[in-house]
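Enquirer: Got a structure here, written out as structure tokens. Questions coming.
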Amino acid sequence: MKSIIQVRTFWPLLVWLLLFNLISSKLQAQETLSLSGIVKDKSTGEALPFATIQIKGTTTGATTNVDGYFLLNDLPSDTSTIIVQYPGYAFTEIKLTSGHFKSGFKIEMAQEVKSLDEVTVVGVREQVTLVDRANISTIKLTPKVLRQLPNVGEKDIMRAFQLMPGVGASNESSSGLYVRGGTPDQNLILYDGFTVYHVDHLYGFYSAFNSNALKDVQLYKGGFESRFGGRLSSVTEITGKDGNQNKFNVGADLSLLSMNAFVEVPIGKKFSSLVAFRKSYRGPIYNQVFGMFNSTGTGQSSGSKGGSNATVASYFYDVNGKFTYRPTNKDIISLSIYNGTDNLNNSSVARTEGVSSSTFSSSSTDLTNYGNLGSSLKWSRRWSDKLYGNTLFSYSNYYSDRNNSQQKSITDSLGATNSSSQGLFENNDLKDYSFKSDYEYDLKKNVQLQFGGFGTYYDINYTYAQNDTVTILNRSDQATLSGIYVQSKIDLLKNRLHVLPGMRLSYFSTTGKPYIEPRLSASYDLTERWTLKGAIGRYNQFANRVTREDILSGSRDFWLLSGTGSVPVSSANHYILGASYETPKYLFSVEGYYKTLSNLTEYSLRFNPVAGGGGVTYNENFYNGKGFSRGVEFLAQRKVGKFQGWVSYTLSQTMNNFSIYSSNYYPASQDVTNEFKTVFLYKLKKWSFSATWIYGTGKPYTAPSGGYNVTLLDGSTQSYYTVTAKNGQRLPAYHRADLAVNYILFGGKKERREIGYIGLSVFNVYNRTNVWYKQYAITDGQITQTNVNYLGITPNITLSFKLR
Amino acid sequence: MERSTRTRLITILLAVTFIGILVSCQQTDDGDFTDYAILQGYIQEGHYFTLTVSRQVPFADDVTYSSDDINNLIISVDYNSSTYVLTPLGNGMYIDSSIIVNEGDTYHLSFVFNNQQVSAITTVPYKPVNFQSSVTELEVPPQSGGQGPPQGTIPEPVILTWNNTDATYYIAVIQNMETNPVPITSGTTSQNEKRFRTPPTALNTSEIRPLDFTYYGMHRIILYHVLPDYAFLYTQNNSSSQNLTSPSSAITNGYGIFTGLNSDTLFIDVNQP
């Protein structure tokens with residue numbers, strides 16, 4: 001019955017959307033000009049997605065699409081001046097002439113003032129990030145500016161986002177983003193259109209994304225558009241580099257963590273390609289991170305016992321490939337491939353020769369093997385100046401196999417071997433086959449209609465076993481998710497008001513229900529400097545990463561398909577309001593948000609399973625709850641000049657309510673009340689300096705509070721423990737300062753261009769001991785508490801070279 | 001509208017909005033240690049109704065217990081539509097010698113501890129039916145201990161069988177009955193090892209491996225018919241958080257075990273060849 005009601009409510013909203021479009025177009029009757037074209041990097045020919053183009057002296061503007069195309073309406077005359085901005089590139093002003101209005105207008109952006117076309121460029125501005133004036137809760141970051149920020153071995157796009165307000169910064173062990181109280185699984189990560197389900201390398205200290213292969217990253221912190229779906233909190237949209245379209249290029253980076261190399265090969269004018277490869281080596285940083293995780297880990301073997309120790313291999317690598325073919329000036333076909341693997345091995349083998357020609361051997365395995373394989377094939381076509389569409393087929397696989405166990409095997413004199421394994425076995429495998437087709441149609445001068453369809457087939461499996469015979473949890477789920485969306489970008493009131501109403505309709509096969517997600521965002525340019533913004537929307541999530549609570553040795557999580565009784569489809573409502581004040585040099589922004597979450601799921605073995613007809617079933621140990629997150633974010637940024645940077649402060653509260661733990665709301669594990677971040681960047685000729693400082697309230701945790709014994713029927717005594725209120729304790733505050741200095745290398749005879757840099761970076765400069773989590777060992781009724789700490793002071797040197 | 005007025009208006013609007021978002025409060029838990037009662041009650045057919053109440057040992061030093069005296073609690077038991085109050089024996093032990101536990105009866109106990117109503121409920125399962133052992137005598141060669149394969153000819157495992165049409169839980173406890181038994185493995189002195197158990201099972205059979213016996217002599221094999229609560233105790237693992245909080249789901253506002261039991265007994269004699 002509910003679904004029927006939902007379908008009924010959909011059509012009036014759709015009609016309203018169309019009416020809104022028609023009315024709005026009537027309001028704009030003035031005759032003006034339109035300009036279409038493409039924005040590209042001057043030296044590589046790469047199209048620049050989501051670049052902003054603004055008519056000087058007005059608030060009228062446009063943004064390029066994912067392939068760099070734009071359509072700018074309401075130009076008052078053919079002698080207007082436009083301003084084009086893209087982070088990391090020179091700020092470009094172009095005085096238009098009638099020649100620019102012919103089709104095929106190309107705007108070329110350059111990184112250095114000296115190489116710019118003198119006719120079109122009058123000013124230069126290079127900024128690290130861009131907070132979007134028109135779009136709410138959106139941050140843009142270009143990987144090429146990452147080297148300016150301090151790092152721990154790798155330039156990392158996800159770490160850079162963690163320096164922005166509203167994105168949790170005190171998570172060294174997660175590259176996944178905690179956006180406005182959301183967990184990393186609630187953040188949709190699209191890499192060239194395919195979904196990436198797990199972004200961690202080396203226990204989360206590094207992200208799966210090699211910055212040498214990336215062109216552009218957009219983070220939508222909330223209230224995101226209808227073209228995105230399937231997640232509760234946020235969207236990270238990553239566009240990979242197409243590769244240099246003009247000349248062959250090659251480059252390499254070497255740090256104390258990894259080796260990184262890329263090659264760009266154009267063939268003719270129509271084909272470009274990029275392949276990037278990165279592999280860690282067991283250098284000082286890798287060993288420091290690996291050792292930190294394993295020295296205090298649970299159930300670890302302390303090495304061999306008199307026998308020979310096996311050689312263990314531990315590493316991560318990733319490969320990115322993108323191959324782009326432009327058969328005509330209207331079509332782009334691109335194939336993007338990503339493969340990343342982590343092999344974390346802390347095993348040991350002890351071997352002892354037995355008596356009577358029998359052999360005993362025992363070994364301890366602690367192997368975590370996980371990775372992603374993803375690929376997308378995309379066809380984009382510019383059907384006309386007004387209609388642009390792209391269609392995409394993609395595949396994404398995330399797998400994780402964990403084996404933390406002790407094996408014993410005995411081979412008797414007759415050669416028969418009997419072996420057994422005890423410990424923890426966890427396997428998670430997720431496959432996502434998707435199809436997507438998106439269109440943008442410029443219906444009227446001030447109305448762009450965007451619409452599309454999508455379909456995904458999920459195949460998600462998870463098993464959790466405690467020894468080779470006892471499987472505690474075993475799930476295998478398949479489902480299809482399909483649907484359509486429609487949204488419209490509308491400019492009203494002389495381009496002061498920008499409205500984006502939208503609707504997403506999904507059908508999920510597991511529940512057999514339709515899901516309607518109405519969304520609306522708007523921004524109003526009160527003055528040239530003041531902008532007010534707001535958004536509201538509904539969001540659903542069909543595949544969730546469920547937390548498996550483990551108080552003694554740290555909780556872990558795994559991907560499951562939602563929709564069954566024990567793991568329902570989760571949903572969220574977003575309410576966002578904000579304002580920004582922007583001058584040519586400074587940006588001040590404030591945004592408040594409130595987000596309700598329902599049908600959240602956790603898995604815990606803390607409670608006895610439901611006894612069925614004779615079988616113990618832990619398959620039902622899923623617990624459901626609800627939550628909310630609210631907060632306010634402040635940002636003050638200096639955008640231009642030799643000295644740049646920003647200061648941000650976030651006050652927030654994220655609460656959960658799972659009735660199994662408590663009848664009241666309690667702080668969610670990711671709740672951070674106060675978060676303060678400062679980023680300072682300074683450039684002096686060939687040198688660039690940066691310093692960051694982060695402060696965050698300690699995260700909540702649950703601790704054992706007491707113990708007691710129960711005498712069993714066989715006379716033995718077993719100890720049990722009670723715990724504090726769920727997340728009733730707080731870790732000490734997290735804070736850290738990082739520093740970096742880079743020396744930029746220039747080359748080239750005709751043109752002076754950047755060919756690399758030498759970078760020195762120091763992470764955690766004052767060696768603050770930040771607690772990651774607490775681990776408990778309880779023996780003879782006594783508790784031993786160990787703080788598992790994050791990384792101490794860690795220097796790094798990076799050498800980076802490229803041909804061009 | 002003048003710029004300054006407009007700016008002021010925006011500031012007020014934003015301030016009101018953000019204060020609105022942040023002011024409303026939710027009730028939350030605090031994270032302190034809570035003094036819960038710990039129960040241990042095996043409600044076994046043919047025995048008096050007995051119960052032991054104790055306290056947790058807190059991990060923190062600065063913890064204060066409630067003022068309740070665990071030796072003087074007023075604990076009432078409801079069964080067969082009557083209410084009985086248990087008699088304290090000291091050391092947290094309580095008894096009602098007027099209640100002889102019966103198969104199939106449901107016992108509901110309740111009392112107040114630390115201003116909370118503690119309650120627990122259990123039903124006594126039926127006596128094992130047709131409990132049999134494959135042998136009544138076993139010959140196990142002496143062992144020297146240490147690592148290595150077992151010495152001598154080891155006999156087949158002892159097979160225990162019983163009826164279990166409803167797939168309920170059973171556990172066998174094997175206990176040496178000699179006063180000064182001779183160990184099978186030289187050097188064994190621990191008296192704790194005079195008793196051992198088979199894993200809980202919802203099947204109708206279980207086996208005892210000959211080298212599970214530690215001592216020679218007469219042994220008692222007690223087959224307990226247990227409730228799922230009790231069977232789950234053995235699936236728990238010290239390295240996970242499963243043994244945090246109550247092993248029994250039958251207790252509210254307290255921890256421990258409160259479970260009905262029934263049993264049948266056989267004997268087996270373990271000798272040297």
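Ligands are numbered from 1 in the order shown, chains are lettered A, B, ... in the order of the structure tokens, and residues start at 1 in each chain.
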So that I can check the surroundings of segment 642-649 of chain A, please list as a PyMOL selection string every protein, DNA and RNA residue that reaches within 6 Å of it, counting only C-alpha atoms and ignoring chain neighbours fewer than 3 positions away.
Expert: chain A and resi 165+633-639+675-683
Enquirer: Which residues are near segment 64-66 of chain B? Cut-off 7 Å, only C-alpha atoms, ignore same chain within fewer than 2 positions. Put them as a list in words.
Expert: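 Listing them by chain and then by number gives Asp35, Asp62, Asp68 and Asn114 of chain B.
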Enquirer: At a cut-off of 10 Å, using only C-alpha atoms, what residues contact Lys279 of chain A? Leave out same-chain residues fewer than 3 positions from it and give the result as a ChimeraX atom specification.
Expert: /A:257-261,315-319,340-342
Enquirer: For the selection you just gave me, I'd like the residues written to a file as an mmCIF file, in the first residue's frame, keeping N, CA and C atoms.
Expert:
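Heads up, here's the output in again_27.cif:
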```cif
data_model
loop_
_atom_site.group_PDB
_atom_site.id
_atom_site.type_symbol
_atom_site.label_atom_id
_atom_site.label_comp_id
_atom_site.auth_asym_id
_atom_site.auth_seq_id
_atom_site.Cartn_x
_atom_site.Cartn_y
_atom_site.Cartn_z
ATOM 1 N N LEU A 257 57.715 5.651 0.865
ATOM 2 C CA LEU A 257 56.667 4.640 0.927
ATOM 3 C C LEU A 257 56.532 3.844 -0.355
ATOM 4 N N SER A 258 56.599 4.539 -1.484
ATOM 5 C CA SER A 258 56.216 3.866 -2.718
ATOM 6 C C SER A 258 56.967 4.396 -3.927
ATOM 7 N N MET A 259 56.821 3.632 -5.003
ATOM 8 C CA MET A 259 57.318 4.059 -6.301
ATOM 9 C C MET A 259 56.102 4.245 -7.186
ATOM 10 N N ASN A 260 56.148 5.242 -8.015
ATOM 11 C CA ASN A 260 54.960 5.614 -8.760
ATOM 12 C C ASN A 260 55.408 6.072 -10.141
ATOM 13 N N ALA A 261 54.821 5.507 -11.179
ATOM 14 C CA ALA A 261 55.237 5.914 -12.519
ATOM 15 C C ALA A 261 54.030 6.007 -13.430
ATOM 16 N N TYR A 315 52.433 -5.820 0.937
ATOM 17 C CA TYR A 315 52.580 -4.716 -0.001
ATOM 18 C C TYR A 315 51.221 -4.237 -0.459
ATOM 19 N N PHE A 316 51.186 -3.100 -1.130
ATOM 20 C CA PHE A 316 50.017 -2.743 -1.915
ATOM 21 C C PHE A 316 50.462 -2.230 -3.265
ATOM 22 N N TYR A 317 49.611 -2.366 -4.226
ATOM 23 C CA TYR A 317 49.894 -1.785 -5.527
ATOM 24 C C TYR A 317 48.591 -1.347 -6.152
ATOM 25 N N ASP A 318 48.664 -0.465 -7.120
ATOM 26 C CA ASP A 318 47.485 -0.182 -7.929
ATOM 27 C C ASP A 318 47.887 0.227 -9.339
ATOM 28 N N VAL A 319 46.995 -0.041 -10.236
ATOM 29 C CA VAL A 319 47.209 0.271 -11.645
ATOM 30 C C VAL A 319 45.983 1.029 -12.140
ATOM 31 N N GLY A 340 43.428 -2.338 -7.678
ATOM 32 C CA GLY A 340 44.261 -2.086 -6.502
ATOM 33 C C GLY A 340 44.208 -3.294 -5.585
ATOM 34 N N THR A 341 45.339 -3.639 -5.029
ATOM 35 C CA THR A 341 45.398 -4.816 -4.156
ATOM 36 C C THR A 341 46.262 -4.528 -2.940
ATOM 37 N N ASP A 342 45.818 -5.002 -1.814
ATOM 38 C CA ASP A 342 46.606 -4.966 -0.587
ATOM 39 C C ASP A 342 46.831 -6.372 -0.104
#
```
Enquirer: Show which residues sit within 9 Å of Ala733 of chain A, as a list in words. Count only C-alpha atoms, and ignore same-chain residues fewer than 4 positions away.
Expert: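 With the cut-off at 9 Å, the set is Tyr695, Gly696, Thr697, Gly698, Lys699, Asn770 and Val771 of chain A.
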Enquirer: Could you check which of B:Leu266, B:Ala172, B:Leu261, B:Ile159 is closest to Thr123 of chain B, using only C-alpha atoms?
Expert: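 Nearest candidate to Thr123 of chain B out of B:Leu266, B:Ala172, B:Leu261, B:Ile159: B:Leu261.
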Enquirer: Ile257 of chain B: which residues within 12 Å, counting only C-alpha atoms, same-chain residues fewer than 5 positions away excluded, as a PyMOL selection string?
Expert: (chain A and resi 708-713+718-720) or (chain B and resi 37-43+51-54+119-122+227-233+245-252)
Enquirer: I'd like to know which of B:Asn164, B:Asn72, B:Ser110, B:Asn115 is closest to chain A, using only C-alpha atoms.
Expert: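 That would be B:Asn164, the residue with the smallest distance to chain A.
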Enquirer: Can you tell me, as an MDAnalysis selection string, what residues are no more than 8 Å from Pro141 of chain B when counting only C-alpha atoms, ignoring any on the same chain fewer than 6 positions away?
Expert: chainID B and resid 151:154 184 272:273
Enquirer: Write out as a PyMOL selection string all residues of segment 18-161 of chain B that backbone DSSP assigns to alpha helix (DSSP H).
Expert: chain B and resi 18-23
